[in-house]
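Asker: Just passing along the structure, written as structure tokens.
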Amino acid sequence: MLIIWKTVYNYIVVPILWFLLLIYMLFNKKARKAFNGRKNLFINLEQKIRSFGDNKRIWFHSSSMGEFEQAKPIIAHFKENHPEIKIIVSFFSPSGYENNIKYKLADVITYLPFDTKSKTKKFLDIIKPDLAIFMRYDVWPNLIWELSNRKIPSFLIDATMANNSKRYLPLIKDFHHHIYSAFTEIMTVSDNDKTNFLKFNIKNVKITSVGDTRYDQVYIRSQLSKTKNVINREILKDKKVFIVGSSWKEDEEHIFPAFLKLLEYKNEILMILVPHEPTEQTLELIEEELNNQTSYIRFSYLQNYKNEKIIIIDCIGLLVTLYSYGHIAYVGGGFGSGVHNVLEPAIYGLPVLFGPRNNNSQEAQVLKKIGAGIEVTNKTEIYKILRKLFDDEELRLTKGKAASEHVLSNIGASKEIIKRLLIYL
């Protein structure tokens, strides 16, 4: 059956995906950027790899930024304790590649080539990994099968599998059985995920529940943020700070009315708004929405701060540190395609609000269960919850404590993963 699936994938699925990508590029700037970024990929990669010599090589692949954050604690350990090992990092998306191109702990950062048999073989011929690590879910069949053929140990780390995953559908389930069966080991974030992977009837592959490295990375970044001074403490003095992180227009349509109403009763409230994509166009739309309703200032002009009620962050890379200044947080994405990282504010002991589309986040489900996360569905709910939490200090602190304790109690997955990887080096 594996031969049949390889034939179907390479002679039907891959050509269709390639054709669709070419069409998609005509209408999507991000797709064009991903395509253009892969030009001369192998030539550039050969030049970068040339100096590696006989050093051991570990290859980490992530789809995008969020998945790569989960790889960072593992990479940091290897660089600190085994500096002779060369680290190769690949990304599928341009956002992951461009935002991490200067990541100092990687020896090589590259795009992943399109998953054809010839490109896959050439890619592996160049990088010659001793271990291959795929973060969370971005699994490409030809890569996995070729690694197996070459007897290169491969691992799926921080793996998740939803109870209602479409990968359980007839035929699709058998296809994924043959993909997952080519791994050396699959390390899941929970016992439930382990149980769900076992449903694929995978043989001769270790499936272990080790936890989620995202908790480790959130903790590490929170410790580093304590050394940073992003906003002058005088600006925050005597204020209750509401952090809105990774917001989209769909989130802001509910957040802004709720916050403006809250200001009628709580004049000491300050909102720090962090748009998910702070492009000039996005910033101008936000300012247009807020004009004549309340005062605001961009972060870049904060030296001219005169008690504005909203600080709009017009750059990237500050969100994790900004959460440390907050009393309550709202994490964006829940009124759009799915909520973003709820652990980042949780580690600081903040109650975490998010929109109704949060099933993509296991962490959000846990925070809801323990009372530290609050799902909101409209502007009225947001206003009522914000007012209640700002009025009731004990309630706010109780929910915040539950959030931080949850994160701290789940630290340690990276150490277990590293211990298992070292067996194969």
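Just so we're on the same page: first chain in the structure tokens is A, next is B, and so on; residues restart at 1 for each chain, and ligands are numbered from 1 in the order they show up.
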Report as a PDB file with N, CA and C atoms, in the first residue's frame all protein, DNA and RNA residues lying within 10 Å of Cys315 of chain A, evaluated on only C-alpha atoms, omitting residues in the same chain fewer than 3 positions from it.
Answerer:
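For reference, around.pdb as written:
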```pdb
ATOM      1  N   VAL A 274      -1.211  45.990  20.613  1.00  0.00           N
ATOM      2  CA  VAL A 274      -0.131  45.402  19.812  1.00  0.00           C
ATOM      3  C   VAL A 274      -0.754  44.691  18.607  1.00  0.00           C
ATOM      4  N   PRO A 275      -0.864  45.367  17.466  1.00  0.00           N
ATOM      5  CA  PRO A 275      -1.440  44.720  16.279  1.00  0.00           C
ATOM      6  C   PRO A 275      -0.581  43.546  15.825  1.00  0.00           C
ATOM      7  N   HIS A 276      -1.235  42.528  15.311  1.00  0.00           N
ATOM      8  CA  HIS A 276      -0.484  41.346  14.847  1.00  0.00           C
ATOM      9  C   HIS A 276       0.438  41.712  13.690  1.00  0.00           C
ATOM     10  N   GLU A 277      -0.033  42.573  12.812  1.00  0.00           N
ATOM     11  CA  GLU A 277       0.791  43.027  11.690  1.00  0.00           C
ATOM     12  C   GLU A 277       0.796  44.556  11.679  1.00  0.00           C
ATOM     13  N   PRO A 278       1.780  45.190  12.333  1.00  0.00           N
ATOM     14  CA  PRO A 278       1.785  46.650  12.471  1.00  0.00           C
ATOM     15  C   PRO A 278       2.302  47.376  11.225  1.00  0.00           C
ATOM     16  N   THR A 279       1.697  47.083  10.088  1.00  0.00           N
ATOM     17  CA  THR A 279       2.059  47.798   8.868  1.00  0.00           C
ATOM     18  C   THR A 279       1.499  49.216   8.946  1.00  0.00           C
ATOM     19  N   ARG A 298       1.477  56.654  19.159  1.00  0.00           N
ATOM     20  CA  ARG A 298       2.288  55.524  18.709  1.00  0.00           C
ATOM     21  C   ARG A 298       3.493  55.357  19.626  1.00  0.00           C
ATOM     22  N   PHE A 299       3.935  54.119  19.741  1.00  0.00           N
ATOM     23  CA  PHE A 299       5.086  53.800  20.574  1.00  0.00           C
ATOM     24  C   PHE A 299       6.325  54.592  20.144  1.00  0.00           C
ATOM     25  N   SER A 300       6.478  54.802  18.846  1.00  0.00           N
ATOM     26  CA  SER A 300       7.646  55.519  18.329  1.00  0.00           C
ATOM     27  C   SER A 300       7.727  56.964  18.813  1.00  0.00           C
ATOM     28  N   ILE A 312      -0.230  52.643  20.888  1.00  0.00           N
ATOM     29  CA  ILE A 312      -0.255  51.728  19.752  1.00  0.00           C
ATOM     30  C   ILE A 312       1.179  51.322  19.425  1.00  0.00           C
ATOM     31  N   LEU A 318       8.103  43.166  20.751  1.00  0.00           N
ATOM     32  CA  LEU A 318       7.985  43.708  22.107  1.00  0.00           C
ATOM     33  C   LEU A 318       6.906  43.045  22.948  1.00  0.00           C
ATOM     34  N   LEU A 319       6.045  42.259  22.322  1.00  0.00           N
ATOM     35  CA  LEU A 319       4.830  41.802  23.002  1.00  0.00           C
ATOM     36  C   LEU A 319       5.107  41.052  24.302  1.00  0.00           C
TER      37      LEU A 319
END
```
Asker: Within 7 Å of Tyr383 of chain A, counting only C-alpha atoms, which residues qualify if same-chain residues fewer than 5 places away don't, as a list in words?
Answerer: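 The neighbour list is Ala258, Phe259 and Leu262 of chain A.
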Asker: Pick out the residues sitting within 12 Å of Glu363 of chain A, and hand them over as a PDB file with N, CA, C and O atoms, in the first residue's frame; count only C-alpha atoms, and ignore anything fewer than 5 positions along from it in its own chain.
Answerer:
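Full text of part-v3.pdb as output:
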```pdb
ATOM      1  N   THR A 160       0.631  17.193  18.181  1.00  0.00           N
ATOM      2  CA  THR A 160      -0.750  17.205  18.665  1.00  0.00           C
ATOM      3  C   THR A 160      -1.648  16.511  17.647  1.00  0.00           C
ATOM      4  O   THR A 160      -1.351  16.509  16.446  1.00  0.00           O
ATOM      5  N   VAL A 189       2.416  16.320  23.142  1.00  0.00           N
ATOM      6  CA  VAL A 189       2.332  17.283  24.244  1.00  0.00           C
ATOM      7  C   VAL A 189       1.466  16.772  25.388  1.00  0.00           C
ATOM      8  O   VAL A 189       1.502  17.323  26.486  1.00  0.00           O
ATOM      9  N   SER A 190       0.673  15.730  25.147  1.00  0.00           N
ATOM     10  CA  SER A 190      -0.204  15.223  26.210  1.00  0.00           C
ATOM     11  C   SER A 190      -0.501  13.745  26.000  1.00  0.00           C
ATOM     12  O   SER A 190      -0.289  13.189  24.912  1.00  0.00           O
ATOM     13  N   GLY A 211       5.200  16.392  26.973  1.00  0.00           N
ATOM     14  CA  GLY A 211       4.857  17.775  27.295  1.00  0.00           C
ATOM     15  C   GLY A 211       5.162  18.711  26.144  1.00  0.00           C
ATOM     16  O   GLY A 211       5.567  18.296  25.060  1.00  0.00           O
ATOM     17  N   ASP A 212       4.967  19.993  26.408  1.00  0.00           N
ATOM     18  CA  ASP A 212       5.044  21.024  25.368  1.00  0.00           C
ATOM     19  C   ASP A 212       6.189  21.982  25.671  1.00  0.00           C
ATOM     20  O   ASP A 212       6.210  22.634  26.715  1.00  0.00           O
ATOM     21  N   ARG A 214       6.659  24.740  24.459  1.00  0.00           N
ATOM     22  CA  ARG A 214       6.203  26.131  24.442  1.00  0.00           C
ATOM     23  C   ARG A 214       6.202  26.722  25.853  1.00  0.00           C
ATOM     24  O   ARG A 214       6.495  27.899  26.041  1.00  0.00           O
ATOM     25  N   TYR A 215       5.894  25.898  26.854  1.00  0.00           N
ATOM     26  CA  TYR A 215       5.927  26.375  28.242  1.00  0.00           C
ATOM     27  C   TYR A 215       7.350  26.777  28.630  1.00  0.00           C
ATOM     28  O   TYR A 215       7.560  27.801  29.291  1.00  0.00           O
ATOM     29  N   VAL A 339      -7.162  31.774  17.990  1.00  0.00           N
ATOM     30  CA  VAL A 339      -6.456  32.568  18.987  1.00  0.00           C
ATOM     31  C   VAL A 339      -4.954  32.301  18.944  1.00  0.00           C
ATOM     32  O   VAL A 339      -4.507  31.202  18.620  1.00  0.00           O
ATOM     33  N   HIS A 340      -4.172  33.333  19.260  1.00  0.00           N
ATOM     34  CA  HIS A 340      -2.716  33.225  19.296  1.00  0.00           C
ATOM     35  C   HIS A 340      -2.258  32.708  20.669  1.00  0.00           C
ATOM     36  O   HIS A 340      -3.049  32.163  21.424  1.00  0.00           O
ATOM     37  N   ASN A 341      -0.999  32.928  20.991  1.00  0.00           N
ATOM     38  CA  ASN A 341      -0.374  32.317  22.165  1.00  0.00           C
ATOM     39  C   ASN A 341      -0.893  32.902  23.485  1.00  0.00           C
ATOM     40  O   ASN A 341      -0.548  34.029  23.847  1.00  0.00           O
ATOM     41  N   VAL A 342      -1.676  32.128  24.211  1.00  0.00           N
ATOM     42  CA  VAL A 342      -2.248  32.598  25.474  1.00  0.00           C
ATOM     43  C   VAL A 342      -1.297  32.395  26.653  1.00  0.00           C
ATOM     44  O   VAL A 342      -1.526  32.922  27.742  1.00  0.00           O
ATOM     45  N   LEU A 343      -0.235  31.614  26.450  1.00  0.00           N
ATOM     46  CA  LEU A 343       0.706  31.365  27.545  1.00  0.00           C
ATOM     47  C   LEU A 343       1.582  32.577  27.835  1.00  0.00           C
ATOM     48  O   LEU A 343       2.058  32.745  28.965  1.00  0.00           O
ATOM     49  N   GLU A 344       1.826  33.403  26.832  1.00  0.00           N
ATOM     50  CA  GLU A 344       2.717  34.551  27.018  1.00  0.00           C
ATOM     51  C   GLU A 344       2.220  35.506  28.104  1.00  0.00           C
ATOM     52  O   GLU A 344       3.003  35.912  28.961  1.00  0.00           O
ATOM     53  N   PRO A 345       0.937  35.871  28.132  1.00  0.00           N
ATOM     54  CA  PRO A 345       0.468  36.688  29.262  1.00  0.00           C
ATOM     55  C   PRO A 345       0.264  35.881  30.536  1.00  0.00           C
ATOM     56  O   PRO A 345       0.406  36.401  31.644  1.00  0.00           O
ATOM     57  N   ALA A 346      -0.053  34.604  30.390  1.00  0.00           N
ATOM     58  CA  ALA A 346      -0.348  33.770  31.564  1.00  0.00           C
ATOM     59  C   ALA A 346       0.846  33.671  32.505  1.00  0.00           C
ATOM     60  O   ALA A 346       0.679  33.686  33.730  1.00  0.00           O
ATOM     61  N   VAL A 352      -6.540  36.046  31.252  1.00  0.00           N
ATOM     62  CA  VAL A 352      -6.415  36.111  29.796  1.00  0.00           C
ATOM     63  C   VAL A 352      -7.780  36.008  29.126  1.00  0.00           C
ATOM     64  O   VAL A 352      -8.486  35.017  29.299  1.00  0.00           O
ATOM     65  N   PHE A 354     -10.007  36.008  25.464  1.00  0.00           N
ATOM     66  CA  PHE A 354      -9.830  35.688  24.049  1.00  0.00           C
ATOM     67  C   PHE A 354     -11.189  35.428  23.431  1.00  0.00           C
ATOM     68  O   PHE A 354     -12.177  35.165  24.122  1.00  0.00           O
ATOM     69  N   ASN A 358     -11.272  29.531  19.661  1.00  0.00           N
ATOM     70  CA  ASN A 358     -10.082  29.184  20.442  1.00  0.00           C
ATOM     71  C   ASN A 358      -9.837  27.684  20.531  1.00  0.00           C
ATOM     72  O   ASN A 358      -8.960  27.240  21.270  1.00  0.00           O
ATOM     73  N   LYS A 368      -9.285  28.099  30.376  1.00  0.00           N
ATOM     74  CA  LYS A 368     -10.728  28.234  30.643  1.00  0.00           C
ATOM     75  C   LYS A 368     -11.150  27.298  31.773  1.00  0.00           C
ATOM     76  O   LYS A 368     -11.910  27.683  32.671  1.00  0.00           O
ATOM     77  N   LYS A 369     -10.654  26.084  31.712  1.00  0.00           N
ATOM     78  CA  LYS A 369     -11.051  25.067  32.692  1.00  0.00           C
ATOM     79  C   LYS A 369     -10.656  25.456  34.109  1.00  0.00           C
ATOM     80  O   LYS A 369     -11.399  25.207  35.069  1.00  0.00           O
ATOM     81  N   ILE A 370      -9.479  26.072  34.268  1.00  0.00           N
ATOM     82  CA  ILE A 370      -9.002  26.428  35.612  1.00  0.00           C
ATOM     83  C   ILE A 370      -9.418  27.840  36.019  1.00  0.00           C
ATOM     84  O   ILE A 370      -9.049  28.312  37.097  1.00  0.00           O
ATOM     85  N   ALA A 372      -8.625  30.714  34.596  1.00  0.00           N
ATOM     86  CA  ALA A 372      -7.650  31.773  34.309  1.00  0.00           C
ATOM     87  C   ALA A 372      -7.860  32.392  32.931  1.00  0.00           C
ATOM     88  O   ALA A 372      -7.391  33.497  32.662  1.00  0.00           O
ATOM     89  N   GLY A 373      -8.546  31.659  32.054  1.00  0.00           N
ATOM     90  CA  GLY A 373      -8.858  32.149  30.720  1.00  0.00           C
ATOM     91  C   GLY A 373     -10.348  32.379  30.577  1.00  0.00           C
ATOM     92  O   GLY A 373     -11.155  31.601  31.100  1.00  0.00           O
ATOM     93  N   ALA A 403      -3.249  31.277  36.335  1.00  0.00           N
ATOM     94  CA  ALA A 403      -2.614  31.278  35.014  1.00  0.00           C
ATOM     95  C   ALA A 403      -1.121  31.014  35.121  1.00  0.00           C
ATOM     96  O   ALA A 403      -0.568  30.149  34.436  1.00  0.00           O
ATOM     97  N   HIS A 406      -0.182  27.486  36.308  1.00  0.00           N
ATOM     98  CA  HIS A 406      -0.357  26.480  35.251  1.00  0.00           C
ATOM     99  C   HIS A 406       0.882  26.407  34.364  1.00  0.00           C
ATOM    100  O   HIS A 406       1.363  25.309  34.046  1.00  0.00           O
ATOM    101  N   VAL A 407       1.405  27.562  33.962  1.00  0.00           N
ATOM    102  CA  VAL A 407       2.598  27.570  33.105  1.00  0.00           C
ATOM    103  C   VAL A 407       3.790  26.960  33.841  1.00  0.00           C
ATOM    104  O   VAL A 407       4.484  26.082  33.317  1.00  0.00           O
ATOM    105  N   ASN A 410       4.110  23.200  34.130  1.00  0.00           N
ATOM    106  CA  ASN A 410       4.284  22.420  32.903  1.00  0.00           C
ATOM    107  C   ASN A 410       5.645  22.622  32.242  1.00  0.00           C
ATOM    108  O   ASN A 410       5.856  22.215  31.098  1.00  0.00           O
TER     109      ASN A 410
END
```
Asker: Tell me, which residues of segment 204-374 of chain A carry DSSP strand (DSSP E), written as a VMD selection string?
Answerer: chain A and resid 206 to 209 240 to 247 269 to 275 296 to 298 310 to 312 328 to 331 352 to 354 373 to 374
Asker: Next, write the just-selected residues to a file, as a compact mmCIF listing (two decimals), in the first residue's frame, keeping N, CA and C atoms as the atom set.
Answerer:
```txt
# COMPACT_ATOMS: atom_id res chain seq x y z
N LYS A 206 8.28 4.72 18.33
CA LYS A 206 8.00 5.10 19.71
C LYS A 206 7.07 6.31 19.72
N ILE A 207 6.03 6.23 20.52
CA ILE A 207 5.13 7.37 20.71
C ILE A 207 5.09 7.66 22.20
N THR A 208 5.60 8.81 22.57
CA THR A 208 5.73 9.16 23.99
C THR A 208 5.11 10.52 24.27
N SER A 209 4.55 10.66 25.44
CA SER A 209 3.99 11.93 25.89
C SER A 209 5.02 12.62 26.78
N LYS A 240 -3.93 51.25 35.57
CA LYS A 240 -4.28 49.86 35.36
C LYS A 240 -4.11 49.57 33.88
N VAL A 241 -3.27 48.60 33.56
CA VAL A 241 -2.86 48.41 32.17
C VAL A 241 -3.54 47.19 31.55
N PHE A 242 -4.19 47.44 30.43
CA PHE A 242 -4.87 46.40 29.65
C PHE A 242 -4.06 46.17 28.38
N ILE A 243 -3.46 44.98 28.26
CA ILE A 243 -2.64 44.64 27.10
C ILE A 243 -3.49 43.89 26.08
N VAL A 244 -3.52 44.38 24.86
CA VAL A 244 -4.19 43.69 23.76
C VAL A 244 -3.11 43.20 22.81
N GLY A 245 -2.87 41.89 22.80
CA GLY A 245 -1.76 41.32 22.05
C GLY A 245 -2.17 40.62 20.77
N SER A 246 -1.42 40.83 19.72
CA SER A 246 -1.63 40.15 18.43
C SER A 246 -3.06 40.34 17.92
N SER A 247 -3.51 41.59 17.92
CA SER A 247 -4.90 41.86 17.53
C SER A 247 -5.05 41.98 16.02
N ILE A 269 -7.43 53.66 33.39
CA ILE A 269 -7.10 52.53 32.54
C ILE A 269 -6.26 52.99 31.35
N LEU A 270 -5.22 52.21 31.05
CA LEU A 270 -4.39 52.44 29.87
C LEU A 270 -4.38 51.17 29.03
N MET A 271 -4.66 51.32 27.74
CA MET A 271 -4.57 50.18 26.83
C MET A 271 -3.26 50.25 26.05
N ILE A 272 -2.54 49.13 26.02
CA ILE A 272 -1.39 48.99 25.13
C ILE A 272 -1.79 48.02 24.04
N LEU A 273 -1.92 48.54 22.83
CA LEU A 273 -2.44 47.78 21.70
C LEU A 273 -1.29 47.31 20.82
N VAL A 274 -1.21 45.99 20.61
CA VAL A 274 -0.13 45.40 19.81
C VAL A 274 -0.75 44.69 18.61
N PRO A 275 -0.86 45.37 17.47
CA PRO A 275 -1.44 44.72 16.28
C PRO A 275 -0.58 43.55 15.83
N TYR A 296 -4.66 58.78 21.73
CA TYR A 296 -3.74 57.68 21.47
C TYR A 296 -2.41 58.24 21.02
N ILE A 297 -1.39 57.38 21.10
CA ILE A 297 -0.06 57.76 20.66
C ILE A 297 0.67 56.51 20.20
N ARG A 298 1.48 56.65 19.16
CA ARG A 298 2.29 55.52 18.71
C ARG A 298 3.49 55.36 19.63
N ILE A 310 -4.41 55.26 24.91
CA ILE A 310 -4.01 54.08 24.16
C ILE A 310 -2.61 54.29 23.60
N ILE A 311 -1.73 53.32 23.84
CA ILE A 311 -0.41 53.31 23.22
C ILE A 311 -0.45 52.25 22.13
N ILE A 312 -0.23 52.64 20.89
CA ILE A 312 -0.26 51.73 19.75
C ILE A 312 1.18 51.32 19.43
N ILE A 328 -4.37 42.92 32.98
CA ILE A 328 -5.28 42.00 32.28
C ILE A 328 -4.84 41.97 30.82
N ALA A 329 -5.00 40.82 30.17
CA ALA A 329 -4.61 40.71 28.76
C ALA A 329 -5.76 40.18 27.91
N TYR A 330 -5.77 40.64 26.68
CA TYR A 330 -6.62 40.04 25.65
C TYR A 330 -5.69 39.55 24.56
N VAL A 331 -5.84 38.29 24.15
CA VAL A 331 -5.01 37.71 23.09
C VAL A 331 -5.85 37.60 21.83
N VAL A 352 -6.54 36.05 31.25
CA VAL A 352 -6.41 36.11 29.80
C VAL A 352 -7.78 36.01 29.13
N LEU A 353 -8.15 37.05 28.36
CA LEU A 353 -9.38 37.05 27.59
C LEU A 353 -9.06 36.67 26.14
N PHE A 354 -10.01 36.01 25.46
CA PHE A 354 -9.83 35.69 24.05
C PHE A 354 -11.19 35.43 23.43
N GLY A 373 -8.55 31.66 32.05
CA GLY A 373 -8.86 32.15 30.72
C GLY A 373 -10.35 32.38 30.58
N ILE A 374 -10.70 33.44 29.87
CA ILE A 374 -12.12 33.82 29.76
C ILE A 374 -12.46 34.02 28.29
```
Asker: Contacts between segment 1-9 of chain A and segment 46-156 of chain A, please, where a residue of segment 46-156 of chain A counts if it comes within 12 Å (with only C-alpha atoms); show its shortest atom pair and distance in Å to one decimal, rows by chain and ascending number, as a Markdown table.
Answerer:
```
| residue | atom | partner | partner_atom | distance |
| --- | --- | --- | --- | --- |
| A:Asp115 | CA | A:Tyr9 | CA | 10.1 |
| A:Thr116 | CA | A:Tyr9 | CA | 9.5 |
| A:Lys117 | CA | A:Lys6 | CA | 9.9 |
| A:Trp140 | CA | A:Tyr9 | CA | 10.7 |
| A:Pro141 | CA | A:Tyr9 | CA | 8.3 |
| A:Asn142 | CA | A:Lys6 | CA | 8.1 |
| A:Leu143 | CA | A:Lys6 | CA | 11.7 |
| A:Ile144 | CA | A:Lys6 | CA | 11.5 |
| A:Trp145 | CA | A:Lys6 | CA | 9.0 |
| A:Glu146 | CA | A:Lys6 | CA | 11.2 |
```
Asker: What is the atom CA of Pro257 of chain A to atom CA of Thr282 of chain A distance in Å?
Answerer: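 Going from atom CA of Pro257 of chain A over to atom CA of Thr282 of chain A covers 18.2 Å.
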Asker: DSSP on the backbone: what in segment 192-369 of chain A comes out helix (DSSP H, G or I), as a ChimeraX atom specification?
Answerer: /A:192-198,213-225,233-236,249-263,280-290,299-304,319-323,343-346,362-369
Asker: Between A:Lys104, A:Lys48, A:Lys266, A:Lys30, which is the closest to Leu389 of chain A once you count only C-alpha atoms?
Answerer: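 Of A:Lys104, A:Lys48, A:Lys266, A:Lys30, the one nearest Leu389 of chain A, counting only C-alpha atoms, is A:Lys266.
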